[in-house]
$ cat target.txt   # compact mmCIF, C-alpha atoms
# COMPACT_ATOMS: atom_id res chain seq x y z
CA MET A 267 -27.72 -26.11 -14.45
CA THR A 268 -25.70 -24.69 -11.62
CA ASN A 269 -26.96 -22.13 -9.15
CA CYS A 270 -24.52 -19.63 -10.65
CA VAL A 271 -25.93 -20.16 -14.14
CA ARG A 272 -29.43 -19.65 -12.80
CA LYS A 273 -28.34 -16.37 -11.24
CA VAL A 274 -26.94 -15.17 -14.53
CA ALA A 275 -30.08 -16.21 -16.37
CA ALA A 276 -32.23 -14.45 -13.81
CA ALA A 277 -30.17 -11.33 -14.32
CA ALA A 278 -31.06 -10.98 -18.00
CA ALA A 279 -31.99 -7.36 -17.45
CA LEU A 280 -28.36 -6.83 -16.49
CA ALA A 281 -27.05 -8.46 -19.65
CA ALA A 282 -24.15 -6.10 -20.18
CA LEU A 283 -23.01 -6.52 -16.61
CA GLY A 284 -23.65 -10.22 -16.76
CA ALA A 285 -21.39 -10.55 -19.79
CA ALA A 286 -18.53 -9.04 -17.81
CA LEU A 287 -19.05 -11.60 -15.05
CA ALA A 288 -19.95 -14.54 -17.25
CA GLY A 289 -17.01 -16.45 -15.82
CA CYS A 290 -19.40 -17.71 -13.15
CA GLY A 291 -21.52 -19.36 -15.80
CA GLY A 292 -19.31 -22.25 -16.85
CA GLY A 293 -19.68 -24.25 -13.68
CA ALA A 294 -21.60 -26.98 -15.45
CA GLY A 295 -18.52 -27.69 -17.54
CA ALA A 296 -17.23 -26.88 -21.00
CA PRO A 297 -18.79 -28.06 -24.27
CA ALA A 298 -18.25 -31.73 -25.02
CA ALA A 299 -15.66 -31.03 -27.70
CA GLY A 300 -13.54 -29.12 -25.23
CA ARG A 301 -13.77 -31.85 -22.62
CA GLU A 302 -11.83 -34.16 -24.93
CA ALA A 303 -8.73 -32.04 -24.37
CA ARG A 304 -8.65 -32.50 -20.59
CA MET A 305 -6.07 -35.24 -20.87
CA GLY A 306 -2.91 -33.16 -20.51
CA THR A 307 -0.41 -34.30 -17.91
CA PRO A 308 1.96 -32.21 -15.80
CA ALA A 309 4.99 -31.20 -17.82
CA ALA A 310 8.54 -31.90 -16.73
CA SER A 311 10.04 -29.86 -13.89
CA ALA A 312 10.01 -26.16 -14.65
CA SER A 313 13.68 -26.07 -13.73
CA THR A 314 14.61 -27.60 -17.07
CA SER A 315 15.22 -25.33 -20.03
CA ALA A 316 12.55 -27.05 -22.11
CA SER A 317 9.90 -26.56 -19.45
CA ALA A 318 10.99 -22.98 -18.85
CA SER A 319 10.53 -22.26 -22.52
CA ALA A 320 7.11 -23.92 -22.59
CA SER A 321 5.81 -22.04 -19.58
CA ALA A 322 6.84 -18.55 -20.65
CA PRO A 323 3.99 -16.48 -22.11
CA ALA A 324 4.61 -15.22 -25.61
CA PRO A 325 5.33 -11.50 -25.99
CA ALA A 326 2.58 -9.24 -27.29
CA PRO A 327 2.44 -8.82 -31.07
CA GLY A 328 5.06 -6.35 -32.21
CA SER A 329 6.96 -6.45 -28.92
CA THR A 330 10.28 -8.03 -28.03
CA ALA A 331 10.68 -10.61 -25.31
CA ALA A 332 11.44 -8.91 -22.04
CA SER A 333 14.33 -10.08 -19.91
CA PRO A 334 13.39 -11.64 -16.56
CA GLN A 335 12.57 -9.01 -13.95
CA ALA A 336 14.43 -8.86 -10.67
CA GLY A 337 12.54 -10.77 -8.01
CA ALA A 338 10.47 -12.72 -10.51
CA PRO A 339 9.50 -16.17 -9.23
CA ALA A 340 10.78 -19.39 -10.76
CA LYS A 341 8.85 -20.63 -13.76
CA PRO A 342 5.62 -22.25 -12.53
CA PRO A 343 4.60 -25.73 -13.68
CA THR A 344 2.43 -26.18 -16.74
CA MET A 345 0.69 -29.20 -18.21
CA ALA A 346 1.75 -31.06 -21.32
CA PRO A 347 -0.44 -30.49 -24.40
CA GLY A 348 -3.56 -32.55 -24.79
CA PRO A 349 -4.48 -34.74 -27.78
CA ASN A 350 -3.33 -33.33 -31.12
CA GLY A 351 -1.37 -30.62 -29.37
CA LEU A 352 -4.43 -28.86 -27.95
CA THR A 353 -4.05 -26.53 -24.97
CA PRO A 354 -4.38 -28.65 -21.80
CA VAL A 355 -7.19 -27.97 -19.33
CA PHE A 356 -6.87 -28.18 -15.55
CA GLU A 357 -9.91 -28.37 -13.26
CA ARG A 358 -8.87 -30.05 -10.03
CA ALA A 359 -5.69 -31.58 -8.62
CA LYS A 360 -5.18 -35.25 -9.37
CA GLN A 361 -3.69 -35.72 -5.90
CA ARG A 362 -6.96 -35.72 -3.99
CA THR A 363 -5.87 -36.87 -0.56
CA ASP A 364 -3.96 -33.71 0.38
CA LYS A 365 -6.47 -31.22 1.82
CA THR A 366 -5.47 -28.27 -0.32
CA VAL A 367 -7.79 -25.83 -2.05
CA ALA A 368 -7.21 -22.92 -4.43
CA LEU A 369 -9.39 -19.84 -4.18
CA THR A 370 -9.34 -18.07 -7.54
CA PHE A 371 -10.79 -14.65 -8.31
CA ASP A 372 -11.73 -13.31 -11.74
CA ALA A 373 -10.93 -9.61 -12.12
CA ASP A 374 -13.37 -9.00 -14.96
CA MET A 375 -13.64 -5.94 -17.14
CA THR A 376 -14.61 -5.93 -20.80
CA SER A 377 -12.80 -3.77 -23.33
CA ASP A 378 -15.76 -1.39 -23.73
CA GLN A 379 -16.49 -0.68 -20.06
CA GLY A 380 -14.12 2.25 -19.66
CA PRO A 381 -16.94 4.83 -19.74
CA ARG A 382 -18.73 3.02 -16.92
CA ALA A 383 -15.57 3.03 -14.84
CA ALA A 384 -15.15 6.74 -15.60
CA ASP A 385 -18.69 7.30 -14.31
CA GLY A 386 -17.79 5.70 -10.99
CA GLU A 387 -18.56 2.00 -11.38
CA HIS A 388 -16.04 -0.10 -9.45
CA PHE A 389 -14.72 -3.16 -11.22
CA ASP A 390 -12.05 -3.58 -8.54
CA ASN A 391 -12.35 -4.79 -4.95
CA PRO A 392 -9.52 -3.48 -2.73
CA ALA A 393 -11.25 -4.71 0.44
CA LEU A 394 -11.19 -8.28 -0.85
CA ILE A 395 -7.46 -8.11 -1.60
CA SER A 396 -6.82 -6.61 1.85
CA THR A 397 -8.78 -9.42 3.50
CA LEU A 398 -6.87 -12.10 1.60
CA ARG A 399 -3.65 -10.49 2.78
CA ALA A 400 -4.84 -10.18 6.37
CA LEU A 401 -5.98 -13.81 6.43
CA LYS A 402 -2.77 -14.91 4.67
CA VAL A 403 -4.61 -16.73 1.91
CA PRO A 404 -2.43 -17.45 -1.15
CA SER A 405 -4.63 -16.82 -4.18
CA THR A 406 -4.63 -16.77 -7.96
CA ILE A 407 -6.17 -13.71 -9.63
CA PHE A 408 -7.39 -14.26 -13.18
CA MET A 409 -7.13 -10.73 -14.52
CA THR A 410 -8.22 -9.20 -17.80
CA GLY A 411 -5.77 -6.88 -19.49
CA ARG A 412 -8.41 -4.16 -19.55
CA TRP A 413 -8.73 -4.41 -15.74
CA ALA A 414 -4.95 -4.03 -15.40
CA GLU A 415 -5.07 -0.92 -17.57
CA GLU A 416 -7.91 0.57 -15.53
CA TYR A 417 -6.28 -0.19 -12.17
CA PRO A 418 -2.52 -0.31 -12.88
CA ASP A 419 -1.50 0.50 -9.30
CA GLN A 420 -3.61 -2.36 -7.97
CA ALA A 421 -2.38 -4.71 -10.69
CA LYS A 422 1.21 -3.91 -9.72
CA SER A 423 0.47 -4.27 -6.01
CA ILE A 424 -1.14 -7.68 -6.54
CA GLY A 425 1.49 -8.74 -9.04
CA THR A 426 4.43 -7.95 -6.76
CA ASP A 427 2.95 -9.56 -3.64
CA PRO A 428 4.24 -13.12 -3.13
CA ASN A 429 0.85 -14.00 -1.65
CA PHE A 430 -0.68 -13.74 -5.13
CA GLU A 431 -0.11 -14.83 -8.70
CA ILE A 432 -1.75 -13.17 -11.70
CA ALA A 433 -3.12 -15.40 -14.44
CA ASN A 434 -4.55 -14.40 -17.81
CA HIS A 435 -8.31 -13.94 -18.26
CA SER A 436 -7.91 -12.41 -21.76
CA TYR A 437 -7.58 -8.73 -22.56
CA SER A 438 -11.12 -7.94 -23.68
CA HIS A 439 -13.24 -10.57 -21.89
CA HIS A 440 -14.75 -11.50 -25.23
CA ALA A 441 -15.76 -15.09 -25.95
CA PHE A 442 -13.37 -17.64 -27.42
CA THR A 443 -16.28 -19.67 -28.75
CA SER A 444 -19.93 -18.87 -29.38
CA PRO A 445 -22.54 -18.78 -27.95
CA CYS A 446 -21.20 -17.67 -24.58
CA TYR A 447 -23.60 -15.63 -22.43
CA GLY A 448 -23.97 -12.93 -25.07
CA LEU A 449 -20.26 -12.07 -25.18
CA PRO A 450 -18.88 -10.92 -28.55
CA ALA A 451 -16.81 -13.72 -30.07
CA LEU A 452 -13.20 -13.61 -31.28
CA ASP A 453 -11.85 -15.68 -34.15
CA GLY A 454 -8.71 -17.80 -33.71
CA ALA A 455 -6.14 -15.15 -34.64
CA ALA A 456 -7.86 -12.46 -32.59
CA ALA A 457 -8.15 -14.81 -29.62
CA ARG A 458 -4.43 -15.57 -29.68
CA ALA A 459 -3.57 -11.85 -29.93
CA ASP A 460 -5.98 -11.08 -27.09
CA VAL A 461 -4.02 -13.35 -24.75
CA ASP A 462 -0.73 -11.70 -25.70
CA ARG A 463 -2.24 -8.26 -25.19
CA ALA A 464 -3.30 -9.16 -21.65
CA PHE A 465 0.20 -10.36 -20.72
CA ALA A 466 1.56 -7.12 -22.16
CA ALA A 467 -0.85 -5.11 -19.99
CA PHE A 468 0.38 -6.94 -16.88
CA ARG A 469 4.00 -6.15 -17.78
CA GLN A 470 3.12 -2.54 -18.44
CA ALA A 471 1.53 -2.28 -14.99
CA GLY A 472 4.68 -3.68 -13.39
CA ALA A 473 3.29 -7.05 -12.32
CA VAL A 474 6.02 -9.63 -11.73
CA ASN A 475 4.20 -12.65 -10.30
CA THR A 476 2.44 -13.67 -13.52
CA VAL A 477 1.85 -17.28 -14.46
CA PRO A 478 1.19 -19.00 -17.83
CA TYR A 479 -2.37 -19.95 -16.97
CA PHE A 480 -5.49 -18.86 -18.83
CA ARG A 481 -9.17 -18.83 -17.94
CA PHE A 482 -11.67 -18.58 -20.77
CA PRO A 483 -14.19 -15.73 -20.43
CA GLY A 484 -17.46 -17.33 -19.42
CA GLY A 485 -15.63 -20.62 -19.01
CA CYS A 486 -16.64 -21.27 -22.64
CA TYR A 487 -14.30 -23.20 -24.90
CA ASP A 488 -14.18 -25.92 -27.53
CA ASP A 489 -11.44 -27.67 -29.47
CA GLN A 490 -11.14 -24.74 -31.87
CA ALA A 491 -10.46 -22.38 -28.95
CA LEU A 492 -7.92 -24.80 -27.47
CA ARG A 493 -6.22 -25.06 -30.84
CA ALA A 494 -6.07 -21.28 -31.22
CA LEU A 495 -4.19 -21.00 -27.92
CA SER A 496 -1.84 -23.93 -28.49
CA THR A 497 1.08 -21.68 -29.45
CA ALA A 498 0.64 -19.51 -26.35
CA LYS A 499 2.06 -22.31 -24.17
CA VAL A 500 -0.53 -21.75 -21.45
CA THR A 501 -2.52 -24.17 -19.33
CA ALA A 502 -6.26 -23.43 -19.36
CA VAL A 503 -7.67 -23.41 -15.83
CA GLN A 504 -11.33 -24.10 -15.12
CA TRP A 505 -12.78 -25.03 -11.70
CA ASP A 506 -14.83 -27.66 -9.91
CA VAL A 507 -16.56 -25.37 -7.35
CA VAL A 508 -18.79 -22.46 -8.40
CA SER A 509 -19.21 -19.90 -5.61
CA GLY A 510 -22.33 -18.20 -6.96
CA ASP A 511 -21.00 -14.79 -5.87
CA ALA A 512 -21.94 -12.99 -9.10
CA PHE A 513 -24.94 -10.75 -8.37
CA ALA A 514 -25.33 -12.24 -4.89
CA LYS A 515 -26.68 -9.94 -2.18
CA ASP A 516 -26.11 -12.21 0.80
CA PRO A 517 -22.67 -13.67 1.64
CA VAL A 518 -24.10 -16.56 3.65
CA PRO A 519 -25.39 -18.71 0.75
CA VAL A 520 -22.22 -17.93 -1.21
CA ALA A 521 -20.09 -19.22 1.65
CA GLU A 522 -22.33 -22.25 2.14
CA GLN A 523 -22.14 -23.15 -1.55
CA VAL A 524 -18.35 -23.09 -1.44
CA LEU A 525 -18.13 -25.01 1.83
CA ASP A 526 -20.53 -27.65 0.51
CA GLY A 527 -18.56 -28.08 -2.71
CA VAL A 528 -14.90 -28.05 -1.68
CA LYS A 529 -12.97 -31.32 -1.84
CA PRO A 530 -9.21 -31.95 -1.60
CA GLY A 531 -7.59 -30.38 -4.64
CA SER A 532 -10.55 -28.15 -5.51
CA VAL A 533 -10.39 -24.95 -7.53
CA VAL A 534 -13.03 -22.41 -6.47
CA VAL A 535 -14.13 -19.65 -8.85
CA MET A 536 -15.05 -16.29 -7.31
CA HIS A 537 -14.82 -12.67 -8.45
CA CYS A 538 -12.79 -9.56 -7.70
CA THR A 539 -15.37 -7.16 -9.11
CA ARG A 540 -17.03 -4.95 -6.53
CA SER A 541 -19.96 -3.64 -8.61
CA ALA A 542 -21.38 -7.02 -9.60
CA ALA A 543 -20.02 -9.31 -6.87
CA PRO A 544 -20.39 -7.08 -3.81
CA VAL A 545 -20.49 -9.76 -1.07
CA THR A 546 -17.42 -11.76 -2.04
CA GLU A 547 -15.17 -10.26 0.64
CA GLU A 548 -17.72 -11.04 3.36
CA ALA A 549 -18.12 -14.58 2.05
CA VAL A 550 -14.35 -15.11 2.10
CA ARG A 551 -14.24 -14.11 5.77
CA ARG A 552 -16.69 -16.95 6.45
CA ILE A 553 -15.11 -19.50 4.13
CA VAL A 554 -11.47 -19.25 5.17
CA PRO A 555 -11.72 -19.97 8.92
CA GLU A 556 -14.21 -22.78 8.39
CA LEU A 557 -12.06 -24.55 5.80
CA ARG A 558 -9.01 -24.16 8.01
CA LYS A 559 -11.01 -25.67 10.85
CA ARG A 560 -11.67 -28.63 8.56
CA GLY A 561 -7.95 -29.04 7.98
CA TYR A 562 -7.64 -27.39 4.56
CA ARG A 563 -4.58 -25.47 3.42
CA PHE A 564 -4.95 -22.66 0.87
CA VAL A 565 -2.64 -22.71 -2.13
CA LYS A 566 -2.23 -21.00 -5.47
CA VAL A 567 -3.21 -22.81 -8.66
CA SER A 568 0.49 -23.26 -9.47
CA GLU A 569 0.89 -25.49 -6.41
CA LEU A 570 -2.06 -27.66 -7.40
CA ILE A 571 -0.77 -28.07 -10.97
CA GLY A 572 2.68 -28.87 -9.62
CA LYS A 573 1.48 -31.89 -7.65

$ encode --input "target.txt" --output "structure tokens"
Amino acid sequence: MTNCVRKVAAAAALAALGAALAGCGGGAGAPAAGREARMGTPAASASTSASASASAPAPAPGSTAASPQAGAPAKPPTMAPGPNGLTPVFERAKQRTDKTVALTFDADMTSDQGPRAADGEHFDNPALISTLRALKVPSTIFMTGRWAEEYPDQAKSIGTDPNFEIANHSYSHHAFTSPCYGLPALDGAAARADVDRAFAAFRQAGAVNTVPYFRFPGGCYDDQALRALSTAKVTAVQWDVVSGDAFAKDPVPVAEQVLDGVKPGSVVVMHCTRSAAPVTEEAVRRIVPELRKRGYRFVKVSELIGK
């Protein structure tokens, strides 16, 4: 059991809040059935028409495909489907000699947390985004559609900044398999629609730098979940380094946990949720200079997948 999982378990009294940040809980890995699908390989160059078609997120139900927006980046690389056409899963770059690392941040908000936001709870973290910009750290933000709806100006600002790319963390932050840290579960059809709805929320907010990557709420998935997403043409992105920032009160152990775990090609999972991960920005200010001192270069997930 990872330190992050222990923190979530210890926070049982904060179950509702813990569900929203359950993305920190999958650090021990996905269920065995899901692991079988981690055999996807990088698809052909995104410059080809076939790859461009595969990497484009499907439009939301009932919508028409939008034409490419001015300034939109080239289609990012995706991975080929896994066995039996299952959605491929990426955890860490295969090229493990290049000292690159991807910091990823889950912008969590469940579909029923609007009243809490209205009462003043902050599910965003503008200071963290400002620090990433100031430190010039390319980053991937795994955003829920509900977060984009709550903070459309921030979603647009992040999604039009070339320093960032926005990936899909579902619309509702409900589970794609059960049990998953107490999150309500979606069936296959609802799960597929939930992904489309999140992409639609990003478009509605004006985000341009979106990528066809998906992170399961709670990190929970199995073959059934991978099968449900197979038509979405996304690459599922997990991680190999758990930061432990959820519910943390001290940035020092968070930074130490990341620094101890990072290897060439690592994907680090952190959070962009001020109310329940309040020390992430301080931890980042410790992590970034130290990793650079060790010779690491920060990249987006798209660069790791493209290797």

$ closest_residue --input "target.txt" --among "A:Gly454, A:Gly510, A:Gly484, A:Gly472" --to "A:His440" --atoms "only C-alpha atoms"
A:Gly484

$ closest_atom_pairs --input "target.txt" --of "stretch 456-542 of chain A" --to "stretch 426-429 of chain A" --cutoff "9 Å" --atoms "only C-alpha atoms" --output "JSON lines"
{"residue": "A:Gly472", "atom": "CA", "partner": "A:Thr426", "partner_atom": "CA", "distance": 7.9}
{"residue": "A:Ala473", "atom": "CA", "partner": "A:Thr426", "partner_atom": "CA", "distance": 5.7}
{"residue": "A:Val474", "atom": "CA", "partner": "A:Thr426", "partner_atom": "CA", "distance": 5.5}
{"residue": "A:Asn475", "atom": "CA", "partner": "A:Thr426", "partner_atom": "CA", "distance": 5.9}

$ atom_distance --input "target.txt" --atom1 "atom CA of A:Leu570" --atom2 "atom CA of A:Val520"
23.2 Å

$ closest_atom_pairs --input "target.txt" --of "stretch 417-479 of chain A" --to "stretch 525-538 of chain A" --cutoff "12 Å" --atoms "all atoms listed in the file" --output "Markdown table"
| residue | atom | partner | partner_atom | distance |
| --- | --- | --- | --- | --- |
| A:Gln420 | CA | A:Cys538 | CA | 11.7 |
| A:Ala421 | CA | A:Cys538 | CA | 11.9 |
| A:Ile424 | CA | A:Cys538 | CA | 11.9 |
| A:His435 | CA | A:His537 | CA | 11.8 |

$ write_last_selection --input "target.txt" --atoms "C-alpha atoms" --output "tab-separated table (two decimals), in the frame of the given file"
chain	number	residue	atom	x	y	z
A	420	GLN	CA	-3.61	-2.36	-7.97
A	421	ALA	CA	-2.38	-4.71	-10.69
A	424	ILE	CA	-1.14	-7.68	-6.54
A	435	HIS	CA	-8.31	-13.94	-18.26

$ atom_distance --input "target.txt" --atom1 "atom CA of A:Pro343" --atom2 "atom CA of A:Glu357"
14.8 Å

$ closest_residue --input "target.txt" --among "A:Ala455, A:Ile553, A:Ile407, A:Ala491" --to "A:Thr476" --atoms "only C-alpha atoms"
A:Ile407

$ closest_residue --input "target.txt" --among "A:Arg540, A:Arg382, A:Arg493, A:Lys499" --to "A:Asp511" --atoms "all atoms listed in the file"
A:Arg540

$ closest_residue --input "target.txt" --among "A:Lys559, A:Arg481, A:Lys365, A:Lys341" --to "A:Ala433" --atoms "all atoms listed in the file"
A:Arg481

$ residues_around --input "target.txt" --residues "stretch 392-395 of chain A" --least-positions-apart "2" --cutoff "10 Å" --atoms "only C-alpha atoms" --output "list in words"
Phe371, His388, Phe389, Asp390, Thr397, Leu398, Arg399, Ala400, Leu401, Val403, Ser405, Ile407, Gln420, Ser423, Ile424, Phe430, His537, Cys538, Thr539, Arg540, Pro544, Val545, Thr546, Glu547, Glu548, Ala549, Val550 and Arg551 of chain A

$ residues_around --input "target.txt" --residues "A:Asp374" --least-positions-apart "4" --cutoff "12 Å" --atoms "only C-alpha atoms" --output "ChimeraX atom specification"
/A:283-290,378-379,388-391,407-417,434-440,481-484,512,536-543

$ atom_distance --input "target.txt" --atom1 "atom CA of A:Asp419" --atom2 "atom CA of A:Gln470"
10.7 Å

$ closest_residue --input "target.txt" --among "A:Leu495, A:Gly485, A:Pro418, A:Gln523" --to "A:Val507" --atoms "all atoms listed in the file"
A:Gln523

$ closest_residue --input "target.txt" --among "A:Val461, A:Val518, A:Leu449, A:Ala502" --to "A:Val567" --atoms "only C-alpha atoms"
A:Ala502
